[in-house]
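Next comes data-v6.txt, with compact mmCIF, C-alpha atoms.
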```
# COMPACT_ATOMS: atom_id res chain seq x y z
CA MET A 146 31.58 -11.29 -7.23
CA GLU A 147 29.93 -8.45 -9.10
CA THR A 148 30.05 -4.68 -8.73
CA LEU A 149 26.83 -2.72 -8.35
CA LYS A 150 26.26 1.03 -8.44
CA VAL A 151 23.84 1.96 -5.66
CA THR A 152 22.10 5.33 -5.79
CA ILE A 153 20.15 6.53 -2.76
CA ILE A 154 17.88 9.52 -3.40
CA THR A 155 16.45 11.04 -0.25
CA GLN A 156 15.59 14.39 1.32
CA GLU A 157 17.21 16.64 3.87
CA ASN A 158 15.52 19.85 4.98
CA GLY A 159 13.14 19.61 2.04
CA GLU A 160 15.94 19.30 -0.51
CA GLU A 161 16.72 16.25 -2.64
CA VAL A 162 20.01 14.59 -1.77
CA ILE A 163 21.69 11.98 -3.99
CA LYS A 164 24.18 9.57 -2.45
CA GLU A 165 26.12 7.09 -4.59
CA TYR A 166 27.95 3.98 -3.46
CA GLU A 167 29.55 0.92 -4.95
CA TYR A 168 28.92 -2.57 -3.68
CA THR A 169 30.95 -5.61 -4.72
CA GLY A 170 29.73 -9.04 -3.77
CA ASN A 171 26.89 -11.49 -4.09
CA LEU A 172 23.81 -9.94 -5.76
CA ASN A 173 21.47 -12.76 -4.74
CA ILE A 174 20.42 -10.81 -1.65
CA PRO A 175 17.35 -8.74 -0.71
CA VAL A 176 17.59 -4.95 -0.81
CA THR A 177 17.53 -4.77 3.01
CA THR A 178 20.72 -6.85 3.10
CA LEU A 179 22.24 -4.69 0.37
CA LEU A 180 21.62 -1.57 2.46
CA GLU A 181 23.20 -3.25 5.48
CA LYS A 182 26.27 -4.23 3.48
CA VAL A 183 26.59 -0.77 1.90
CA ASN A 184 26.50 0.77 5.37
CA HIS A 185 29.17 -1.62 6.61
CA SER A 186 31.54 -1.42 3.63
CA ASN A 187 31.35 2.38 3.33
CA ASN A 188 31.34 3.12 7.06
CA THR A 189 28.17 5.13 6.57
CA LYS A 190 24.62 5.06 7.93
CA ILE A 191 21.70 4.92 5.51
CA HIS A 192 18.64 4.89 7.75
CA TYR A 193 15.79 2.60 6.76
CA SER A 194 12.92 0.79 8.47
CA SER A 195 12.74 -2.99 8.78
CA SER A 196 11.30 -5.33 11.33
CA CYS A 197 10.28 -8.84 10.36
CA LEU A 198 12.46 -9.23 7.22
CA GLN A 199 9.83 -11.69 5.98
CA GLY A 200 7.44 -9.44 4.07
CA LEU A 201 4.91 -9.45 6.90
CA CYS A 202 5.22 -6.02 8.55
CA GLY A 203 5.42 -3.63 5.59
CA SER A 204 7.86 -1.27 7.27
CA CYS A 205 10.54 -1.60 4.57
CA ALA A 206 8.36 -0.32 1.71
CA MET A 207 10.36 2.00 -0.54
CA LEU A 208 10.85 2.91 -4.19
CA ILE A 209 13.22 0.49 -5.89
CA ASN A 210 14.05 1.48 -9.45
CA GLY A 211 10.92 3.61 -9.44
CA TRP A 212 8.48 0.97 -8.17
CA PRO A 213 7.03 0.70 -4.64
CA LYS A 214 8.16 -2.60 -3.16
CA LEU A 215 9.10 -4.25 0.10
CA ALA A 216 12.88 -4.18 0.31
CA CYS A 217 13.06 -7.47 2.19
CA LYS A 218 11.16 -9.32 -0.58
CA THR A 219 12.95 -7.66 -3.52
CA PHE A 220 16.12 -9.48 -4.54
CA VAL A 221 18.88 -7.40 -6.06
CA ASN A 222 19.90 -9.90 -8.76
CA GLU A 223 16.33 -10.14 -10.10
CA GLU A 224 15.84 -6.37 -10.03
CA VAL A 225 19.19 -5.40 -11.53
CA MET A 226 20.01 -8.13 -14.02
CA THR A 227 16.66 -7.98 -15.81
CA LYS A 228 16.26 -4.21 -15.99
CA TYR A 229 19.05 -1.87 -14.98
CA PHE A 230 22.34 -3.64 -15.68
CA HIS A 231 24.23 -3.38 -12.41
CA LYS A 232 22.58 -0.20 -11.23
CA ILE A 233 19.93 0.21 -8.59
CA THR A 234 18.18 3.35 -7.36
CA ILE A 235 16.49 3.39 -3.97
CA GLU A 236 14.23 6.17 -2.68
CA PRO A 237 11.68 6.65 0.10
CA LEU A 238 8.01 6.52 -0.86
CA SER A 239 7.20 9.97 -2.21
CA LYS A 240 3.66 10.44 -0.86
CA PHE A 241 4.58 10.39 2.81
CA PRO A 242 6.75 12.72 4.91
CA VAL A 243 10.38 11.63 5.08
CA ILE A 244 11.71 11.21 8.61
CA LYS A 245 15.28 10.25 7.74
CA ASP A 246 16.82 8.84 4.55
CA LEU A 247 14.48 5.96 3.57
CA ILE A 248 12.28 6.13 6.68
CA ILE A 249 8.83 7.64 6.14
CA ASP A 250 5.94 8.65 8.38
CA ARG A 251 2.85 6.50 7.64
CA SER A 252 0.69 7.99 10.39
CA LYS A 253 -1.68 9.47 7.78
CA ILE A 254 -2.87 5.96 6.90
CA TYR A 255 -3.80 5.22 10.51
CA GLU A 256 -5.42 8.63 10.95
CA ASN A 257 -7.57 7.95 7.89
CA MET A 258 -8.61 4.55 9.21
CA LYS A 259 -9.69 6.15 12.49
CA GLU A 260 -11.57 8.90 10.68
CA ALA A 261 -13.30 6.25 8.54
CA GLN A 262 -14.27 4.31 11.70
CA GLN A 263 -12.80 1.02 10.50
CA TRP A 264 -13.93 -1.16 13.37
CA LEU A 265 -16.93 -3.28 14.33
CA ASP A 266 -19.56 -1.72 16.59
CA GLU A 267 -21.43 -4.98 17.18
CA LYS A 268 -20.65 -8.68 17.38
CA ALA A 269 -19.34 -10.00 14.07
CA LYS A 270 -21.37 -12.23 11.80
CA ILE A 271 -19.41 -14.82 9.85
CA ASN A 272 -20.46 -16.24 6.50
CA PRO A 273 -18.41 -19.38 5.68
CA GLU A 274 -18.67 -18.61 1.96
CA HIS A 275 -16.87 -15.30 2.45
CA ILE A 276 -14.13 -16.41 4.84
CA GLN A 277 -11.43 -16.83 2.19
CA PHE A 278 -11.93 -13.33 0.77
CA GLU A 279 -12.15 -11.77 4.23
CA TYR A 280 -8.89 -13.50 5.12
CA GLU A 281 -7.22 -12.17 1.97
CA VAL A 282 -8.19 -8.54 2.59
CA SER A 283 -7.18 -8.86 6.24
CA GLN A 284 -3.58 -9.38 5.05
CA CYS A 285 -3.18 -5.66 4.29
CA LEU A 286 0.11 -4.43 5.79
CA MET A 287 -0.73 -0.73 5.36
CA CYS A 288 2.74 -0.48 3.87
CA GLY A 289 1.75 2.34 1.51
CA CYS A 290 2.74 0.69 -1.79
CA CYS A 291 -0.79 0.94 -3.20
CA LEU A 292 -1.07 4.59 -2.20
CA GLU A 293 2.31 5.41 -3.71
CA SER A 294 1.28 3.94 -7.06
CA CYS A 295 -2.22 5.44 -7.09
CA PRO A 296 -2.49 8.39 -9.54
CA ASN A 297 -5.12 10.12 -7.39
CA TYR A 298 -3.78 9.69 -3.88
CA ASN A 299 -1.83 12.64 -2.53
CA GLY A 300 -2.38 12.38 1.21
CA GLU A 301 -3.93 15.82 1.38
CA ASP A 302 -7.52 15.73 0.07
CA ASN A 303 -10.53 13.55 0.99
CA PHE A 304 -9.41 10.57 -1.10
CA MET A 305 -8.09 7.84 1.20
CA GLY A 306 -7.02 5.32 -1.43
CA VAL A 307 -7.69 1.62 -1.78
CA VAL A 308 -6.77 0.88 1.84
CA LEU A 309 -10.31 2.05 2.65
CA PRO A 310 -12.38 -0.40 0.53
CA VAL A 311 -9.98 -3.23 1.38
CA SER A 312 -10.76 -2.68 5.06
CA SER A 313 -14.44 -1.75 4.62
CA SER A 314 -15.25 -4.76 2.46
CA LYS A 315 -14.51 -7.02 5.43
CA ILE A 316 -16.09 -4.84 8.11
CA THR A 317 -19.37 -4.29 6.26
CA ALA A 318 -19.64 -8.05 5.66
CA GLN A 319 -19.23 -8.79 9.37
CA GLU A 320 -21.00 -5.82 10.98
CA THR A 321 -24.50 -6.45 12.39
CA SER A 322 -25.40 -2.82 13.11
CA ASP A 323 -27.45 -1.38 10.24
CA GLU A 324 -26.55 2.14 11.31
CA LYS A 325 -22.82 1.40 11.21
CA ILE A 326 -23.10 -0.28 7.81
CA LYS A 327 -24.95 2.77 6.46
CA LEU A 328 -22.23 5.04 7.83
CA LEU A 329 -19.45 2.92 6.30
CA LYS A 330 -21.16 3.10 2.90
CA GLN A 331 -21.36 6.90 3.14
CA ILE A 332 -17.70 7.12 4.12
CA HIS A 333 -16.71 4.90 1.19
CA LYS A 334 -18.59 7.04 -1.29
CA LYS A 335 -17.10 10.27 0.05
CA HIS A 336 -13.53 9.13 0.63
CA PHE A 337 -13.02 6.60 -2.16
CA TYR A 338 -15.69 6.21 -4.86
CA ASN A 339 -15.74 9.90 -5.80
CA GLY A 340 -11.97 9.96 -6.27
CA CYS A 341 -10.99 6.59 -7.76
CA VAL A 342 -10.11 6.57 -11.47
CA LYS A 343 -10.00 2.74 -11.67
CA SER A 344 -6.36 2.48 -12.74
CA LEU A 345 -6.14 -0.66 -10.55
CA VAL A 346 -2.36 -0.41 -10.35
CA CYS A 347 -2.91 -0.88 -6.61
CA GLN A 348 -3.53 -4.58 -7.21
CA ASP A 349 -0.39 -4.90 -9.35
CA VAL A 350 1.94 -3.51 -6.68
CA CYS A 351 0.38 -5.03 -3.55
CA PRO A 352 3.09 -7.20 -1.93
CA MET A 353 0.39 -9.41 -0.37
CA GLU A 354 -1.45 -9.81 -3.69
CA ILE A 355 -4.70 -8.65 -2.12
CA PRO A 356 -7.62 -8.72 -4.61
CA THR A 357 -8.18 -4.97 -4.39
CA GLN A 358 -10.35 -4.92 -7.51
CA ARG A 359 -12.83 -7.29 -5.86
CA ALA A 360 -12.83 -5.23 -2.65
CA ILE A 361 -13.47 -2.05 -4.65
CA SER A 362 -16.28 -3.70 -6.63
CA GLN A 363 -17.97 -5.00 -3.48
CA MET A 364 -17.91 -1.63 -1.74
CA ASN A 365 -18.98 0.24 -4.87
CA TYR A 366 -21.93 -2.11 -5.24
CA LYS A 367 -22.97 -1.74 -1.60
CA SER A 368 -22.50 2.03 -1.55
CA VAL A 369 -23.50 3.24 -5.03
CA TRP A 370 -24.42 0.69 -7.68
CA HIS A 371 -27.12 -1.02 -5.61
CA LEU A 372 -28.91 2.29 -5.13
CA PHE A 373 -28.48 3.14 -8.81
CA HIS A 374 -30.16 -0.10 -9.89
CA LEU A 375 -32.84 0.34 -7.22
CA PHE A 376 -33.74 3.81 -8.54
CA ASN A 377 -33.82 2.47 -12.08
CA ARG A 378 -36.30 -0.26 -11.08
CA GLN A 379 -38.49 2.28 -9.32
CA GLU A 380 -38.56 4.53 -12.39
CA LYS A 381 -39.69 1.60 -14.56
```
With the file now loaded, output its structure as C-alpha cells.
Amino acid sequence: METLKVTIITQENGEEVIKEYEYTGNLNIPVTTLLEKVNHSNNTKIHYSSSCLQGLCGSCAMLINGWPKLACKTFVNEEVMTKYFHKITIEPLSKFPVIKDLIIDRSKIYENMKEAQQWLDEKAKINPEHIQFEYEVSQCLMCGCCLESCPNYNGEDNFMGVVLPVSSSKITAQETSDEKIKLLKQIHKKHFYNGCVKSLVCQDVCPMEIPTQRAISQMNYKSVWHLFHLFNRQEK
C-alpha cells in the first residue's frame, strides 16, 4: 500500500482549476482505474472519457505528467516511480475545447477530415506490397495525442497536423480517380506541408506507434518533391 498525491488541473468557465487528492493503495493500475478509485474514495466526480479500456478507442487521451497519453494504457507505478516520486498530475489535452474536467471536444479533427475529403471516390486498388503500411496507418485513433505534441498545431489556422498525411497516404495509394488524387495532393500541400516543421514528436507520442514519418515522407514526395525533381530534370 502506497500513498500517491493526485493533482487534477482542469478548466471551469475559462479559468484554471486545480484539484488535489490523495490515493492510498496499489499503484500497479492504469490511470483510468486511478481516477475511478479517486472518485470513489473521495466521494467526488472527476469527469473523464473512456470506452474500450484497451487502448483501441482513443477517448481517454489526456496529459499525464505533461505528456499526451492514453490513460488506460498508462500505468501509475511506471509513470510515478520512474519520474515523479509518488506524485501524478493529470490534465485535459490543451489544444481542444474542454467540455468538463478531463473530457475534451475532438470534433475539430473530424471537421478537418471532412474538409480534406478523406474518402475514396472510386473503387480501391490494392497493392500487396503496400498492405502492411496501409494497415499500420489505418490504426489511427484520432485521439489527438499527436496534435497535442505538435509545436505548430493550434486548431485555428490551416495546418491540420499529421492526422492528414497519415490518412492521405493510404487514400492516395488506393484511389483510382486521377482527379481525386490531384485534389488530395493539393490539400496536403496547403494544410500540412506548408506548416510542418519536421519535429516528428508525433511519432514518439502515438499510442499506436504509427510510422508517421513514413506517411509524411510519402505524401511530401507525391505532393511536392516529385514535382521539384521533375522541374529540375526539365531545366537540365
Requested in this report: Rounded to one decimal place, report the CA of Lys343 (chain A)-CA of Asn210 (chain A) distance in Å.
Outcome: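 Straight-line distance from CA of Lys343 (chain A) to CA of Asn210 (chain A) works out to 24.2 Å.
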Requested in this report: Pick out the closest residue to Gln262 (chain A) from this set: A:Leu201, A:Ile316, A:Cys347, A:Val176. Count only C-alpha atoms.
Outcome: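 Answer, going by the shortest atom-to-atom distance: A:Ile316.
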Requested in this report: Find the residue from A:Asp246, A:Glu260, A:Asp302, A:Glu181 that sits nearest to Glu160 (chain A); use all atoms listed in the file when measuring.
Outcome: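 Among the listed residues, the smallest separation from Glu160 (chain A) belongs to A:Asp246.
Ranking A:Tyr193, A:Asn188, A:Gln284, A:Val350 by their shortest atom-to-atom distance to Val243 (chain A), with all atoms listed in the file included, puts A:Tyr193 first.
Using all atoms listed in the file, the nearest neighbour of Tyr166 (chain A) within the list A:Val307, A:Ala318, A:Ile233, A:Leu198 is A:Ile233.
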Query raised in the report: From the set A:Asn187, A:Ile244, A:Pro310, A:Val342, which residue has the shortest atom-to-atom contact distance to Asn158 (chain A), counting only C-alpha atoms?
Result: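 Among the listed residues, the smallest separation from Asn158 (chain A) belongs to A:Ile244.
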**Report entry** Surrounding residues of Ile326 (chain A) excluding itself and chain neighbours under 2 positions, 10 Å, all atoms listed in the file, as a ChimeraX atom specification
**Finding:** /A:265-266,313,316-324,328-332,367-368
Query - For Gln156 (chain A): contacts at 12 Å, all atoms listed in the file, fewer than 2 positions along chain excluded, given as JSON, numbers by chain - result: {"A": [153, 154, 158, 159, 160, 161, 162, 163, 164, 192, 236, 237, 238, 239, 241, 242, 243, 244, 245, 246, 247, 248, 249]}
Requested in this report: Report the distance between CA of Thr155 (chain A) and CA of Val221 (chain A) in Å, rounded to one decimal place.
Outcome: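 Computed distance, CA of Thr155 (chain A) to CA of Val221 (chain A), equals 19.5 Å.
Taking CA of Ser344 (chain A) and CA of Asn297 (chain A) as the two end points, the separation is 9.4 Å.
Proximity to Ser312 (chain A) at 10 Å, evaluated using all atoms listed in the file and with sequence-adjacent residues fewer than 6 positions away removed, yields Met258, Ala261, Gln263, Trp264, Glu279, Val282, Ser283, Gln284, Cys285, Ala360 and Met364 of chain A.
Between Leu215 (chain A) and the candidates A:Met305, A:Leu179, A:Met353, A:Cys295, the tightest atom-to-atom separation, counting all atoms listed in the file, involves A:Met353.
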Box time for region 329-344 of chain A: axis-aligned, enclosing all its listed atoms, 8 Å extra on each side; report centre and edge lengths in Å to one decimal, as lines of an AutoDock Vina configuration file.
```
center_x = -13.9
center_y = 6.4
center_z = -3.2
size_x = 31.0
size_y = 23.8
size_z = 35.0
```
Report task. Might you pull out every residue within 10 Å of Cys291 (chain A), with only C-alpha atoms counted and same-chain residues fewer than 4 positions away left off, and present them as a list in words? Result ->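 In the requested form, the answer reads Pro213, Lys214, Met287, Cys295, Pro296, Tyr298, Gly306, Val307, Val308, Leu345, Val346, Cys347, Gln348, Asp349, Val350, Cys351, Pro352 and Thr357 of chain A.
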For the residues selected in the previous step, produce a file with C-alpha atoms as a JSON list (two decimals), keeping the file's coordinate frame.
```json
[["chain", "number", "residue", "atom", "x", "y", "z"],
["A", 213, "PRO", "CA", 7.03, 0.70, -4.64],
["A", 214, "LYS", "CA", 8.16, -2.60, -3.16],
["A", 287, "MET", "CA", -0.73, -0.73, 5.36],
["A", 295, "CYS", "CA", -2.22, 5.44, -7.09],
["A", 296, "PRO", "CA", -2.49, 8.39, -9.54],
["A", 298, "TYR", "CA", -3.78, 9.69, -3.88],
["A", 306, "GLY", "CA", -7.02, 5.32, -1.43],
["A", 307, "VAL", "CA", -7.69, 1.62, -1.78],
["A", 308, "VAL", "CA", -6.77, 0.88, 1.84],
["A", 345, "LEU", "CA", -6.14, -0.66, -10.55],
["A", 346, "VAL", "CA", -2.36, -0.41, -10.35],
["A", 347, "CYS", "CA", -2.91, -0.88, -6.61],
["A", 348, "GLN", "CA", -3.53, -4.58, -7.21],
["A", 349, "ASP", "CA", -0.39, -4.90, -9.35],
["A", 350, "VAL", "CA", 1.94, -3.51, -6.68],
["A", 351, "CYS", "CA", 0.38, -5.03, -3.55],
["A", 352, "PRO", "CA", 3.09, -7.20, -1.93],
["A", 357, "THR", "CA", -8.18, -4.97, -4.39]]
```
